[in-house]
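Below is one structure, written out as structure tokens; comments come after it.
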Amino acid sequence: MTVRVPAKVNLQLSVGPPRGDGYHDLVTVFHAVSLFDEVTVRPADRTSVVVTGEDAGSVPAGRANLAARAARALATAGMRRRGKSAVRIEIRKRIPVAAGLAGGSADAAATLVACNELWGAGLTQSELREVAASVGSDVPFALLGGTAIGQGRGEQLTAALAAGTYHWVLAFASGGLSTPEVYAACDRLRAARAATDPREPASGAGRAGPPGERGPAAAAEEAHQPRLSTELMAALRSGDPAAVGPLLSNDLQPAAVSLRPDLRRALNAGREHGALGGIVSGSGPTCAFLAADARRARELAVSLTGAGVCRAVAQVKGPAAGAAVVAGERR
Ligand code: C5P
């Protein structure tokens with residue numbers, strides 16, 4: 001059973017203070033783009049993962065792999081008998097690893113869809129989404145695709161009203177960034193800013209006291225509560241990339257740039273070469289640039305390559321459909 005699954009970029013990523021469980025509440029606008037991994041699952045004696053293609057060597061193999069975890073989670077949810085639930089998972093990667101494009105989450109989502117079909121497990125979309133959320137925060141969106149608002153850890157989804165097709169250039173960096181490290185850097189930057197500017201909220205601080213005792217710090221804390229950009233949502237409904245471009249935003253960008261200062265060059269180059277907007281995608285280090293149309297995206301891709309500010313570029317379109325079966329039969 002073979003499933004194709006898209007990468008995502010975040011058109012907005014608004015990050016709140018850290019929660020007790022190590023995650024951050026957020027509001028994000030996910031947007032699936034036409035850069036796809038393909039995952040094939042076959043019945044086997046024991047579960048294994050084989051990766052080919054882009055960055056194959058950097059994907060964790062064996063039980064630590066997110067796709068293998070997804071297969072086990074689905075076997076449990078679908079009450080699949082032990083011994084009948086082993087699969088050989090073959091991942092053909094085009095989405096770079098640890099790039100802020102949710103490639104690992106995409107492979108997990110594809111594995112859920114593939115195993116659900118292969119086994120005839122019969123989980124509904126909403127049941128699949130629940131299993132997906134237990135595997136990772138970005139996995140439910142890879143099932144859904146399109147453009148959607150994510151809340152909570154990112155796993156609570158609402159489809160967004162978005163018109164038109166958007167043309168993107170993705171600038172891939174060499175090496176990856178660890179998502180937990182980028183979130184931690186974001187917390188550190190905010191705490192450092194709060195220490196020098198009393199109007200700035202320290203991450204996680206100022207939440208305890210009763211409302212009456214909460215002064216300017218609490219008010220400032222409010223400023224870090226994640227919020228959806230209504231301007232961005234209106235621009236997406238209009239389908240006008242020139243309106244969307246300047247409204248792209250990512251609270252994790254300063255943290256990603258602090259860990260990878262070279263990203264600043266890529267972001268500047270995108271702007272200089274005519275992108276309508278440019279952001280670090282998710283936790284980075286990929287940068288996503290919005291172009292007015294396919295021709296301008298092609299020109300931008302050529303310019304970014306010539307500027308030597310990234311390892312490689314890809315020209316993609318969004319929104320793309322979520323994980324979908326492309327071939328296979330049930331066993
Ligand atoms: O859910 P997932 O396993 O993909 O998250 C990876 C890491 O990213 C988490 O362990 C956490 O450090 C960070 N994260 C976060 N807040 C979120 C999503 C992820 O802090 N909403």
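Residues are referred to by chain and number: the chain letter is A, B, ... according to the order shown in the structure tokens, the number counts from 1 in that chain, and ligands are numbered separately from 1 in the order shown.
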
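Among all protein and nucleic acid residues, the ones that lie within 6 Å of ligand 1 when counting only C-alpha atoms and all ligand atoms are Gly22, Tyr23, His24, Asp25, Leu26, Gly136, Ser137, Asp138, Arg153, Gly154, Thr179, Pro180 and Tyr183 of chain A.
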
Subject >> Contacts of Ser283 in chain A within 10 Å, only C-alpha atoms, excl. fewer than 3 positions in-chain, as a list in words >> reply: Val9, Asn10, Leu13, Ala98, Ala99, Gly100, Leu101, Ala102, Gly176, Leu177, Ser178, Thr179, Pro180, Glu181, Val182, Tyr183, Asn250, Asp251, Leu252, Gln253, Ala255, Ala256, Val257, Val280 and Thr286 of chain A

Atoms kept (N, CA, C and O atoms) for selection, written as a compact mmCIF listing (two decimals), in the first residue's frame:
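Produced file part.txt, reproduced below:
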```
# COMPACT_ATOMS: atom_id res chain seq x y z
N VAL A 9 4.39 24.24 5.28
CA VAL A 9 5.01 25.45 5.83
C VAL A 9 3.98 26.06 6.78
O VAL A 9 2.79 25.73 6.71
N ASN A 10 4.42 26.93 7.68
CA ASN A 10 3.49 27.64 8.55
C ASN A 10 3.41 29.07 8.07
O ASN A 10 4.42 29.77 8.02
N LEU A 13 2.92 31.39 12.77
CA LEU A 13 3.20 30.53 13.91
C LEU A 13 3.32 31.43 15.13
O LEU A 13 4.32 32.13 15.31
N ALA A 98 14.62 17.20 9.42
CA ALA A 98 14.87 18.25 10.45
C ALA A 98 14.96 19.62 9.80
O ALA A 98 15.84 20.43 10.10
N ALA A 99 14.03 19.90 8.87
CA ALA A 99 14.11 21.11 8.06
C ALA A 99 13.01 22.11 8.37
O ALA A 99 12.94 23.17 7.76
N GLY A 100 12.10 21.78 9.30
CA GLY A 100 10.97 22.67 9.59
C GLY A 100 9.81 22.47 8.63
O GLY A 100 8.90 23.28 8.55
N LEU A 101 9.84 21.35 7.91
CA LEU A 101 8.80 21.06 6.90
C LEU A 101 7.92 19.88 7.33
O LEU A 101 7.09 19.41 6.54
N ALA A 102 8.11 19.40 8.55
CA ALA A 102 7.32 18.30 9.12
C ALA A 102 7.42 17.02 8.30
O ALA A 102 6.44 16.28 8.17
N GLY A 176 20.32 20.39 9.79
CA GLY A 176 18.96 20.61 10.27
C GLY A 176 18.95 21.38 11.57
O GLY A 176 19.99 21.83 12.05
N LEU A 177 17.76 21.57 12.12
CA LEU A 177 17.61 22.17 13.45
C LEU A 177 16.70 21.25 14.25
O LEU A 177 15.74 20.69 13.71
N SER A 178 17.00 21.12 15.55
CA SER A 178 16.16 20.29 16.42
C SER A 178 14.99 21.13 16.92
O SER A 178 15.20 22.21 17.50
N THR A 179 13.77 20.65 16.71
CA THR A 179 12.58 21.41 17.11
C THR A 179 12.60 21.78 18.60
O THR A 179 12.40 22.95 18.94
N PRO A 180 12.84 20.82 19.54
CA PRO A 180 12.87 21.21 20.95
C PRO A 180 13.91 22.28 21.24
O PRO A 180 13.68 23.18 22.06
N GLU A 181 15.07 22.23 20.55
CA GLU A 181 16.11 23.23 20.80
C GLU A 181 15.66 24.61 20.33
O GLU A 181 15.99 25.62 20.95
N VAL A 182 14.91 24.67 19.24
CA VAL A 182 14.45 25.97 18.74
C VAL A 182 13.40 26.55 19.70
O VAL A 182 13.43 27.74 20.02
N TYR A 183 12.47 25.71 20.17
CA TYR A 183 11.50 26.20 21.16
C TYR A 183 12.21 26.68 22.43
O TYR A 183 11.86 27.72 22.99
N ASN A 250 6.34 34.27 11.96
CA ASN A 250 6.77 33.07 12.69
C ASN A 250 7.50 33.48 13.96
O ASN A 250 8.61 34.01 13.90
N ASP A 251 6.88 33.22 15.12
CA ASP A 251 7.52 33.56 16.41
C ASP A 251 8.81 32.78 16.64
O ASP A 251 9.62 33.18 17.49
N LEU A 252 8.98 31.65 15.95
CA LEU A 252 10.20 30.86 16.16
C LEU A 252 11.37 31.38 15.31
O LEU A 252 12.50 30.93 15.48
N GLN A 253 11.08 32.33 14.42
CA GLN A 253 12.13 32.77 13.50
C GLN A 253 13.34 33.37 14.22
O GLN A 253 14.48 32.99 13.91
N ALA A 255 14.49 32.72 17.07
CA ALA A 255 15.21 31.62 17.72
C ALA A 255 15.99 30.81 16.69
O ALA A 255 17.18 30.49 16.89
N ALA A 256 15.35 30.51 15.57
CA ALA A 256 16.04 29.73 14.52
C ALA A 256 17.24 30.52 13.99
O ALA A 256 18.32 29.96 13.80
N VAL A 257 17.05 31.84 13.81
CA VAL A 257 18.15 32.67 13.28
C VAL A 257 19.27 32.78 14.33
O VAL A 257 20.45 32.82 13.98
N VAL A 280 11.22 31.85 7.91
CA VAL A 280 11.71 30.52 8.29
C VAL A 280 10.47 29.64 8.42
O VAL A 280 9.45 30.05 8.98
N THR A 286 14.72 25.58 6.94
CA THR A 286 14.25 25.93 5.60
C THR A 286 13.60 27.31 5.61
O THR A 286 12.86 27.63 6.55
```

**OP:** Measure the distance from CA of Asp21 in chain A to CA of Gly152 in chain A in Å and round it to one decimal.
**Re:**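 Separation between CA of Asp21 in chain A and CA of Gly152 in chain A: 12.1 Å.
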
Subject >> Surrounding residues of Glu38 in chain A excluding itself and chain neighbours under 4 positions, 8 Å, only C-alpha atoms, as number ranges by chain >> reply: A: 2-5, 91-93, 107, 110

Can you write out as a tab-separated table which residues of range 91-185 of chain A fall within 12 Å of range 232-244 of chain A, alongside each residue's closest atom pair and its distance in Å to one decimal, counting only C-alpha atoms and ordering rows by chain and ascending residue number?
```
residue	atom	partner	partner_atom	distance
A:Thr147	CA	A:Leu236	CA	9.3
A:Ala148	CA	A:Met233	CA	10.3
A:Ile149	CA	A:Met233	CA	9.6
A:Ala159	CA	A:Met233	CA	11.5
A:Ala160	CA	A:Met233	CA	7.8
A:Leu161	CA	A:Arg237	CA	5.8
A:Ala162	CA	A:Arg237	CA	4.6
A:Ala163	CA	A:Gly239	CA	4.4
A:Gly164	CA	A:Gly239	CA	4.7
A:Thr165	CA	A:Gly239	CA	7.4
A:Tyr166	CA	A:Pro241	CA	6.6
A:His167	CA	A:Pro241	CA	8.5
A:Trp168	CA	A:Pro241	CA	10.2
```

Original post:
Which parts of range 5-220 of chain A does DSSP call alpha helix (DSSP H) when run on the backbone here, written out as a VMD selection string?
Top reply: chain A and resid 66 to 77 103 to 118 125 to 135 139 to 144 179 to 196 216 to 220

**OP:** Name the closest residue to Ala324 in chain A among the candidates A:Ala64, A:Ala73, A:Ala192, A:Cys115; distances are taken between atoms, counting only C-alpha atoms.
**Re:**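 Checking each candidate against Ala324 in chain A, we get A:Cys115 as the closest.
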
Subject >> Shortest interatomic distance to Pro254 in chain A - which of A:Leu35, A:Val309, A:Cys186, A:Leu123, counting only C-alpha atoms >> reply: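 Counting only C-alpha atoms, the residue closest to Pro254 in chain A is A:Cys186.
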
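Take the candidates A:Ala142, A:Leu263, A:Ala108, A:Leu189 and check each one against Pro319 in chain A using only C-alpha atoms; the shortest distance goes to A:Ala142.
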
**OP:** Go ahead and compute the interatomic distance for CA of Val169 in chain A and CA of Leu157 in chain A, in Å to one decimal.
**Re:** 25.4 Å

Original post:
Which residue gives the smallest distance to Gly308 in chain A among A:Ala275, A:Ala173, A:Leu11, A:Ala320, with only C-alpha atoms counted?
Top reply: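 For Gly308 in chain A, the nearest of the candidates is A:Ala173.
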
**OP:** as a VMD selection string, list the residues of range 54-260 of chain A assigned to strand (DSSP E or B) by DSSP on the backbone atoms of this structure.
**Re:** chain A and resid 87 to 93 145 147 to 151 156 to 159 166 to 172 249 to 250

Original post:
Pick from A:Pro6, A:Gly306, A:Gly278, A:Gly284: nearest to Ser105 in chain A, with only C-alpha atoms counted?
Top reply: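 Closest candidate: A:Pro6.
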
Original post:
With only C-alpha atoms as the basis for distance, which of A:Val97, A:Leu118, A:Val27, A:Val39 is at the shortest distance from Ala75 in chain A?
Top reply: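 Selected residue with least distance to Ala75 in chain A: A:Leu118.
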
Subject >> All residues 10 Å or closer to Arg227 in chain A, only C-alpha atoms, same chain fewer than 4 positions away omitted, as number ranges by chain >> reply: A: 12-16, 26-28, 151, 223

Output file for the residues above (N, CA and C atoms, as a PDB file, in the first residue's frame):
```
ATOM      1  N   GLN A  12       1.559  31.341   9.525  1.00  0.00           N
ATOM      2  CA  GLN A  12       1.685  32.067  10.783  1.00  0.00           C
ATOM      3  C   GLN A  12       2.020  31.042  11.864  1.00  0.00           C
ATOM      4  N   LEU A  13       2.919  31.394  12.766  1.00  0.00           N
ATOM      5  CA  LEU A  13       3.198  30.527  13.911  1.00  0.00           C
ATOM      6  C   LEU A  13       3.318  31.432  15.126  1.00  0.00           C
ATOM      7  N   SER A  14       2.247  31.450  15.932  1.00  0.00           N
ATOM      8  CA  SER A  14       2.186  32.295  17.118  1.00  0.00           C
ATOM      9  C   SER A  14       2.353  31.384  18.334  1.00  0.00           C
ATOM     10  N   VAL A  15       3.433  31.587  19.069  1.00  0.00           N
ATOM     11  CA  VAL A  15       3.820  30.663  20.135  1.00  0.00           C
ATOM     12  C   VAL A  15       3.582  31.296  21.496  1.00  0.00           C
ATOM     13  N   GLY A  16       2.900  30.596  22.380  1.00  0.00           N
ATOM     14  CA  GLY A  16       2.663  31.061  23.742  1.00  0.00           C
ATOM     15  C   GLY A  16       3.778  30.623  24.676  1.00  0.00           C
ATOM     16  N   LEU A  26      -0.024  27.019  20.945  1.00  0.00           N
ATOM     17  CA  LEU A  26       0.239  27.856  19.778  1.00  0.00           C
ATOM     18  C   LEU A  26      -1.012  28.017  18.930  1.00  0.00           C
ATOM     19  N   VAL A  27      -0.948  29.019  18.086  1.00  0.00           N
ATOM     20  CA  VAL A  27      -1.931  29.168  17.017  1.00  0.00           C
ATOM     21  C   VAL A  27      -1.120  29.245  15.744  1.00  0.00           C
ATOM     22  N   THR A  28      -1.437  28.386  14.803  1.00  0.00           N
ATOM     23  CA  THR A  28      -0.650  28.365  13.585  1.00  0.00           C
ATOM     24  C   THR A  28      -1.556  28.216  12.373  1.00  0.00           C
ATOM     25  N   GLN A 151      -4.387  24.628  16.631  1.00  0.00           N
ATOM     26  CA  GLN A 151      -4.342  25.174  17.991  1.00  0.00           C
ATOM     27  C   GLN A 151      -3.895  24.095  18.966  1.00  0.00           C
ATOM     28  N   ALA A 223       0.348  39.561  26.125  1.00  0.00           N
ATOM     29  CA  ALA A 223       0.859  39.846  24.785  1.00  0.00           C
ATOM     30  C   ALA A 223       1.481  38.600  24.153  1.00  0.00           C
TER      31      ALA A 223
END
```
